[in-house]
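See structure below.
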Amino acid sequence: MKNFVEELKWRGMIQDIMPGTEEKLMQGPAAAYVGIDPTADSLHIGHLVSVMILKHFQACGHKPIALVGGATGMIGDPSMKSAERNLLDEETLGHNVACIKAQLGRFLDFDSDAPNRAELVNNYDWMKDYSFINFIRDIGKHITVNYMMAKDSVKKRLQRDSSEGMSFTEFSYQLMQGYDFFWLWKNKGCVLQLGGSDQWGNITTGTELIRRIAGGEAYALTCPLIRKADGTKFGKTEKGNIWLDAERTSPYEFYQFWLNVSDQDAESYIKIFTMLPKDTIEALIAEQREDPGRRVLQKALAKEVTVMCHGQEAYDNAVAASQLLFGNVSAETFRGMDERTVREVFANVPSYELTMADFPCNILDLLAVKTDILPSKGEARKMVAGGGVSVNKAKIADIGQEITADDIVNGHYLLAQKGKKNYYIINVI
């Protein structure tokens with residue numbers, strides 16, 4: 001078996017680890033879980049660290065369990081939060097859980113016959129019929145208020161919100177998460193909980209419950225919260241979260257996020273967010289430091305993460321879209337791109353609006369009459385004759401060429417290009 005702890009150490013993915021964890025895992029295959037609150041119908045890249053830890057856990061021969069918190073998601077975790085979350089209804093949570101399960105299937109093997117195939121559980125299944133009286137009698141009596149108040153997640157929240165305090169609903173989250181660990185330990189043989197460093201208090205409450213109720217042993221391991229080199233929050237852009245759902249964040253935007261990280265961030269991210277082996281990563285880092293301008297590290301990172309999340313075809317399309325601005329895409333490839341990606345690439349270029357009634361249209365009229373891409377038909381004639389005009393990435397060689405409805409991509413737009421770097425979107429309504 002591969003040493004899971006050693007694998008995480010060189011990747012910089014361990015913040016805290018309970019004594020004895022590494023030795024326990026080296027004794028043979030074990031089960032561990034990560035909890036995910038289904039507050040949306042998609043994961044975002046902030047979740048990726050925990051998901052990657054589960055992926056490494058499975059690759060090392062162990063059994064990963066993904067717990068989607070259908071019950072705890074109704075409450076909201078106070079850890080590192082400045083305000084209480086909105087509570088979600090059962091129907092919304094059910095939808096979110098189903099979507100998240102489908103996304104996790106891209107990272108973990110749920111379907112093979114392997115003894116360490118992944119498993120997805122929902123804590124709503126064991127909490128929905130557990131009465132409040134029984135819960136506080138069976139579970140609550142084992143953990144003191146003093147113990148719960150000592151947790152950083154509680155203390156920091158109370159210090160921030162001295163005027164409003166913390167509701168009992170949120171205060172109880174720690175006990176519910178602790179019970180999840182106990183339930184999985186008892187029913188699934190789960191001996192380890194994994195998560196972000198902000199979860200340490202909740203996780204150790206679970207190990208304490210297991211010890212106090214059953215005299216059992218359980219372990220905890222957390223990863224650092226990821227920040228960018230400049231100290232700002234990882235995974236946020238001007239548009240908000242970078243989601244794994246292609247409808248929320250397109251594969252092109254997703255690819256561009258990773259492609260544009262700083263050199264310093266790329267060195268840490270490629271260890272955390274890819275499965276590339278140590279020697280490959282070290283070689284890429286050395287190559288990057290020797291010639292930063294080639295951005296080999298960012299390109300490798302963007303490829304690995306985009307393929308893992310969206311597949312090879314989506315990655316190929318994102319690369320082709322990136323090359324649109326540099327003229328390295330054929331007319332055929334351009335026509336095969338989805339409209340959303342094309343519009344994202346050219347979101348900031350000048351645009352014009354025409355109607356279907358404007359077509360067919362002579363190329364000179366299109367450039368200088370229907371639009372003002374060129375100031376006159378004479379200028380347009382010179383530019384076409386000199387090979388400086390393209391429509392939909394195809395060079396226009398004849399000043400008499402007609403642009404017809406068949407040229408309109410997806411029935412919605414044309415891409416005109418003047419020279420090497422000047423692009424224009426012509427919207428057709």
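Residues in the structure tokens are named by chain (A, B, ... in the order shown) and by number from 1 within that chain; ligands are numbered from 1 in the order shown.
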
Find the nearest atom pair between each residue of segment 324-405 of chain A and segment 237-255 of chain A for residues within 10 Å, count only C-alpha atoms, give distances in Å to one decimal, sort rows by chain and ascending number, and present the table as JSON lines.
```
{"residue": "A:Arg340", "atom": "CA", "partner": "A:Ser250", "partner_atom": "CA", "distance": 8.0}
{"residue": "A:Thr341", "atom": "CA", "partner": "A:Tyr252", "partner_atom": "CA", "distance": 6.3}
{"residue": "A:Val342", "atom": "CA", "partner": "A:Tyr252", "partner_atom": "CA", "distance": 9.3}
{"residue": "A:Glu344", "atom": "CA", "partner": "A:Glu253", "partner_atom": "CA", "distance": 7.9}
{"residue": "A:Val345", "atom": "CA", "partner": "A:Tyr252", "partner_atom": "CA", "distance": 8.4}
```

- Message: I need the residues in segment 194-376 of chain A that are strand (DSSP E or B) according to DSSP; give them as a ChimeraX atom specification.
- Response: /A:194-196,219-223,227,233,236-237,240-241,243,351-354,361-362

Write a file of the selected residues as a PDB file, in the first residue's frame, keeping C-alpha atoms.
```
ATOM      1  CA  LEU A 194     -10.771  14.333   6.727  1.00  0.00           C
ATOM      2  CA  GLY A 195     -11.511  17.987   6.129  1.00  0.00           C
ATOM      3  CA  GLY A 196     -10.311  21.570   6.073  1.00  0.00           C
ATOM      4  CA  TYR A 219      -8.497   9.665  13.943  1.00  0.00           C
ATOM      5  CA  ALA A 220      -8.483  13.101  12.335  1.00  0.00           C
ATOM      6  CA  LEU A 221      -6.541  14.793   9.548  1.00  0.00           C
ATOM      7  CA  THR A 222      -7.075  18.265   8.153  1.00  0.00           C
ATOM      8  CA  CYS A 223      -5.627  20.176   5.223  1.00  0.00           C
ATOM      9  CA  ARG A 227      -5.044  31.111  -0.023  1.00  0.00           C
ATOM     10  CA  LYS A 233      -9.244  34.171  -0.988  1.00  0.00           C
ATOM     11  CA  LYS A 236     -13.036  33.748  -6.086  1.00  0.00           C
ATOM     12  CA  THR A 237     -13.181  36.005  -9.148  1.00  0.00           C
ATOM     13  CA  GLY A 240     -17.915  34.949  -7.841  1.00  0.00           C
ATOM     14  CA  ASN A 241     -17.150  31.276  -7.226  1.00  0.00           C
ATOM     15  CA  TRP A 243     -18.010  26.172  -9.964  1.00  0.00           C
ATOM     16  CA  SER A 351     -20.105  44.386 -31.439  1.00  0.00           C
ATOM     17  CA  TYR A 352     -22.794  45.222 -33.951  1.00  0.00           C
ATOM     18  CA  GLU A 353     -26.376  44.145 -34.419  1.00  0.00           C
ATOM     19  CA  LEU A 354     -27.938  43.188 -37.769  1.00  0.00           C
ATOM     20  CA  CYS A 361     -24.549  41.003 -47.982  1.00  0.00           C
ATOM     21  CA  ASN A 362     -21.420  41.863 -49.967  1.00  0.00           C
TER      22      ASN A 362
END
```

- Non-local contacts of segment 139-146 of chain A (9 Å; only C-alpha atoms; under 5 positions in same chain excluded) as a PyMOL selection string: chain A and resi 134+175+179+205+208-209+212-213

- For Gln298 of chain A, the nearest of the candidates A:Gln264, A:Ser330, A:Asn317, A:Gln58, counting only C-alpha atoms: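 Smallest distance to Gln298 of chain A is found for A:Gln264.
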
Identify, on the basis of only C-alpha atoms, every residue whose closest approach to Trp258 of chain A does not exceed 10 Å; exclude the query and any residue fewer than 3 positions from it along the same chain; express the result as a short mmCIF file (atom, residue, chain, number, x, y, z; two decimals) with C-alpha atoms, in the first residue's frame.
```cif
data_model
loop_
_atom_site.label_atom_id
_atom_site.label_comp_id
_atom_site.auth_asym_id
_atom_site.auth_seq_id
_atom_site.Cartn_x
_atom_site.Cartn_y
_atom_site.Cartn_z
CA GLY A 235 -11.33 30.37 -5.89
CA GLU A 253 -13.64 30.12 -17.78
CA PHE A 254 -12.57 27.20 -15.58
CA TYR A 255 -9.50 26.54 -17.73
CA VAL A 261 -2.62 31.81 -11.58
CA SER A 262 0.70 33.29 -10.46
CA ASP A 265 0.52 29.72 -6.70
CA ALA A 266 1.06 27.34 -9.62
CA TYR A 269 -1.63 24.25 -6.74
CA ILE A 270 -0.14 21.62 -9.06
CA LEU A 297 3.43 24.92 -14.93
CA GLN A 298 0.19 26.82 -15.46
CA LYS A 299 -0.50 24.96 -18.70
CA ALA A 300 0.04 21.57 -17.06
CA LEU A 301 -2.11 22.57 -14.07
CA ALA A 302 -4.93 23.90 -16.24
CA LYS A 303 -4.90 20.77 -18.38
CA GLU A 304 -4.93 18.29 -15.50
CA VAL A 305 -7.69 19.99 -13.54
CA THR A 306 -9.89 20.77 -16.55
#
```

- If you run DSSP on this backbone, which residues of segment 90-326 of chain A come out as helix (DSSP H, G or I), and could you give them as a PyMOL selection string? chain A and resi 90-104+124-127+132-138+140-142+145-149+152-160+168-171+173-188+197-214+251-259+263-272+278-290+292-294+296-310+312-324

Writing out the chosen residues with C-alpha atoms as a tab-separated table (two decimals), in the first residue's frame:
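File written: part17.tsv
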```tsv
chain	number	residue	atom	x	y	z
A	90	GLU	CA	-35.94	19.31	2.09
A	91	GLU	CA	-36.77	19.47	-1.62
A	92	THR	CA	-33.91	21.87	-2.37
A	93	LEU	CA	-31.49	19.76	-0.36
A	94	GLY	CA	-32.55	16.60	-2.19
A	95	HIS	CA	-31.86	18.26	-5.54
A	96	ASN	CA	-28.47	19.54	-4.37
A	97	VAL	CA	-27.45	16.13	-3.03
A	98	ALA	CA	-28.24	14.41	-6.35
A	99	CYS	CA	-26.21	16.98	-8.32
A	100	ILE	CA	-23.21	16.74	-5.99
A	101	LYS	CA	-23.21	12.95	-6.16
A	102	ALA	CA	-22.97	13.12	-9.96
A	103	GLN	CA	-20.01	15.52	-9.73
A	104	LEU	CA	-18.15	13.38	-7.20
A	124	TYR	CA	-30.37	12.80	6.66
A	125	ASP	CA	-30.93	9.05	6.36
A	126	TRP	CA	-29.95	8.42	9.98
A	127	MET	CA	-31.05	11.74	11.45
A	132	PHE	CA	-34.72	15.36	19.75
A	133	ILE	CA	-35.34	13.74	23.14
A	134	ASN	CA	-33.51	10.57	22.18
A	135	PHE	CA	-30.62	12.48	20.63
A	136	ILE	CA	-29.91	14.65	23.65
A	137	ARG	CA	-30.35	11.64	25.95
A	138	ASP	CA	-28.17	9.23	23.95
A	140	GLY	CA	-25.76	15.00	24.21
A	141	LYS	CA	-24.99	13.66	27.68
A	142	HIS	CA	-21.51	12.56	26.55
A	145	VAL	CA	-21.05	22.50	27.16
A	146	ASN	CA	-17.61	23.45	28.49
A	147	TYR	CA	-16.02	21.15	25.90
A	148	MET	CA	-18.10	22.61	23.08
A	149	MET	CA	-17.50	26.22	24.12
A	152	ASP	CA	-12.21	27.80	18.23
A	153	SER	CA	-15.14	27.76	15.80
A	154	VAL	CA	-17.50	28.64	18.65
A	155	LYS	CA	-15.22	31.09	20.47
A	156	LYS	CA	-14.40	33.09	17.34
A	157	ARG	CA	-18.03	33.30	16.31
A	158	LEU	CA	-19.09	34.52	19.76
A	159	GLN	CA	-16.29	37.10	19.81
A	160	ARG	CA	-17.33	38.44	16.40
A	168	PHE	CA	-28.71	27.02	19.55
A	169	THR	CA	-29.28	25.65	16.06
A	170	GLU	CA	-25.73	26.50	15.03
A	171	PHE	CA	-24.27	25.56	18.40
A	173	TYR	CA	-23.92	21.58	14.62
A	174	GLN	CA	-20.76	20.40	16.37
A	175	LEU	CA	-22.66	17.66	18.18
A	176	MET	CA	-24.46	16.54	15.02
A	177	GLN	CA	-21.21	16.33	13.04
A	178	GLY	CA	-19.65	14.42	15.91
A	179	TYR	CA	-22.55	11.97	15.80
A	180	ASP	CA	-22.04	11.51	12.04
A	181	PHE	CA	-18.52	10.28	12.74
A	182	PHE	CA	-19.77	7.98	15.49
A	183	TRP	CA	-22.48	6.57	13.20
A	184	LEU	CA	-20.01	5.92	10.36
A	185	TRP	CA	-17.50	4.41	12.80
A	186	LYS	CA	-20.16	2.05	14.17
A	187	ASN	CA	-21.96	1.16	10.91
A	188	LYS	CA	-19.30	1.56	8.20
A	197	SER	CA	-8.43	23.01	9.03
A	198	ASP	CA	-11.53	24.99	10.07
A	199	GLN	CA	-13.19	21.62	10.78
A	200	TRP	CA	-10.66	20.42	13.36
A	201	GLY	CA	-12.93	21.21	16.32
A	202	ASN	CA	-15.95	19.45	14.84
A	203	ILE	CA	-13.87	16.44	13.78
A	204	THR	CA	-12.27	15.95	17.20
A	205	THR	CA	-15.73	16.13	18.80
A	206	GLY	CA	-16.49	13.01	16.75
A	207	THR	CA	-13.35	11.20	17.90
A	208	GLU	CA	-14.24	12.14	21.50
A	209	LEU	CA	-17.79	10.77	21.13
A	210	ILE	CA	-16.43	7.48	19.77
A	211	ARG	CA	-14.06	7.22	22.72
A	212	ARG	CA	-16.62	8.17	25.38
A	213	ILE	CA	-19.58	6.14	24.08
A	214	ALA	CA	-17.82	3.00	22.84
A	251	PRO	CA	-15.04	24.92	-19.07
A	252	TYR	CA	-13.34	27.85	-20.84
A	253	GLU	CA	-13.64	30.12	-17.78
A	254	PHE	CA	-12.57	27.20	-15.58
A	255	TYR	CA	-9.50	26.54	-17.73
A	256	GLN	CA	-8.61	30.24	-17.82
A	257	PHE	CA	-8.74	30.48	-14.02
A	258	TRP	CA	-6.00	27.88	-13.62
A	259	LEU	CA	-4.02	29.14	-16.63
A	263	ASP	CA	3.96	31.34	-10.73
A	264	GLN	CA	4.09	30.99	-6.95
A	265	ASP	CA	0.52	29.72	-6.70
A	266	ALA	CA	1.06	27.34	-9.62
A	267	GLU	CA	3.89	25.63	-7.72
A	268	SER	CA	1.60	24.82	-4.79
A	269	TYR	CA	-1.63	24.25	-6.74
A	270	ILE	CA	-0.14	21.62	-9.06
A	271	LYS	CA	0.72	19.52	-6.00
A	272	ILE	CA	-2.70	19.95	-4.41
A	278	LYS	CA	6.41	13.97	-7.51
A	279	ASP	CA	9.17	13.60	-10.14
A	280	THR	CA	6.93	15.02	-12.89
A	281	ILE	CA	5.94	18.00	-10.75
A	282	GLU	CA	9.53	18.71	-9.71
A	283	ALA	CA	10.61	18.63	-13.36
A	284	LEU	CA	7.83	21.06	-14.32
A	285	ILE	CA	8.75	23.43	-11.48
A	286	ALA	CA	12.41	23.38	-12.54
A	287	GLU	CA	11.44	24.06	-16.16
A	288	GLN	CA	9.16	26.91	-15.08
A	289	ARG	CA	11.86	28.57	-12.99
A	290	GLU	CA	14.29	28.36	-15.88
A	292	PRO	CA	8.82	31.49	-16.63
A	293	GLY	CA	7.57	33.01	-19.87
A	294	ARG	CA	6.57	29.63	-21.28
A	296	VAL	CA	4.60	25.29	-18.53
A	297	LEU	CA	3.43	24.92	-14.93
A	298	GLN	CA	0.19	26.82	-15.46
A	299	LYS	CA	-0.50	24.96	-18.70
A	300	ALA	CA	0.04	21.57	-17.06
A	301	LEU	CA	-2.11	22.57	-14.07
A	302	ALA	CA	-4.93	23.90	-16.24
A	303	LYS	CA	-4.90	20.77	-18.38
A	304	GLU	CA	-4.93	18.29	-15.50
A	305	VAL	CA	-7.69	19.99	-13.54
A	306	THR	CA	-9.89	20.77	-16.55
A	307	VAL	CA	-9.68	17.21	-17.91
A	308	MET	CA	-10.40	15.79	-14.46
A	309	CYS	CA	-13.44	18.03	-13.94
A	310	HIS	CA	-14.86	18.37	-17.45
A	312	GLN	CA	-10.73	15.79	-22.57
A	313	GLU	CA	-13.13	17.24	-25.15
A	314	ALA	CA	-13.99	20.23	-22.94
A	315	TYR	CA	-10.28	20.82	-22.35
A	316	ASP	CA	-9.52	20.67	-26.09
A	317	ASN	CA	-12.30	23.17	-26.76
A	318	ALA	CA	-11.01	25.49	-24.04
A	319	VAL	CA	-7.51	25.40	-25.51
A	320	ALA	CA	-8.87	26.09	-29.00
A	321	ALA	CA	-10.94	28.96	-27.62
A	322	SER	CA	-7.83	30.40	-25.97
A	323	GLN	CA	-6.06	30.29	-29.32
A	324	LEU	CA	-8.85	32.19	-31.06
```
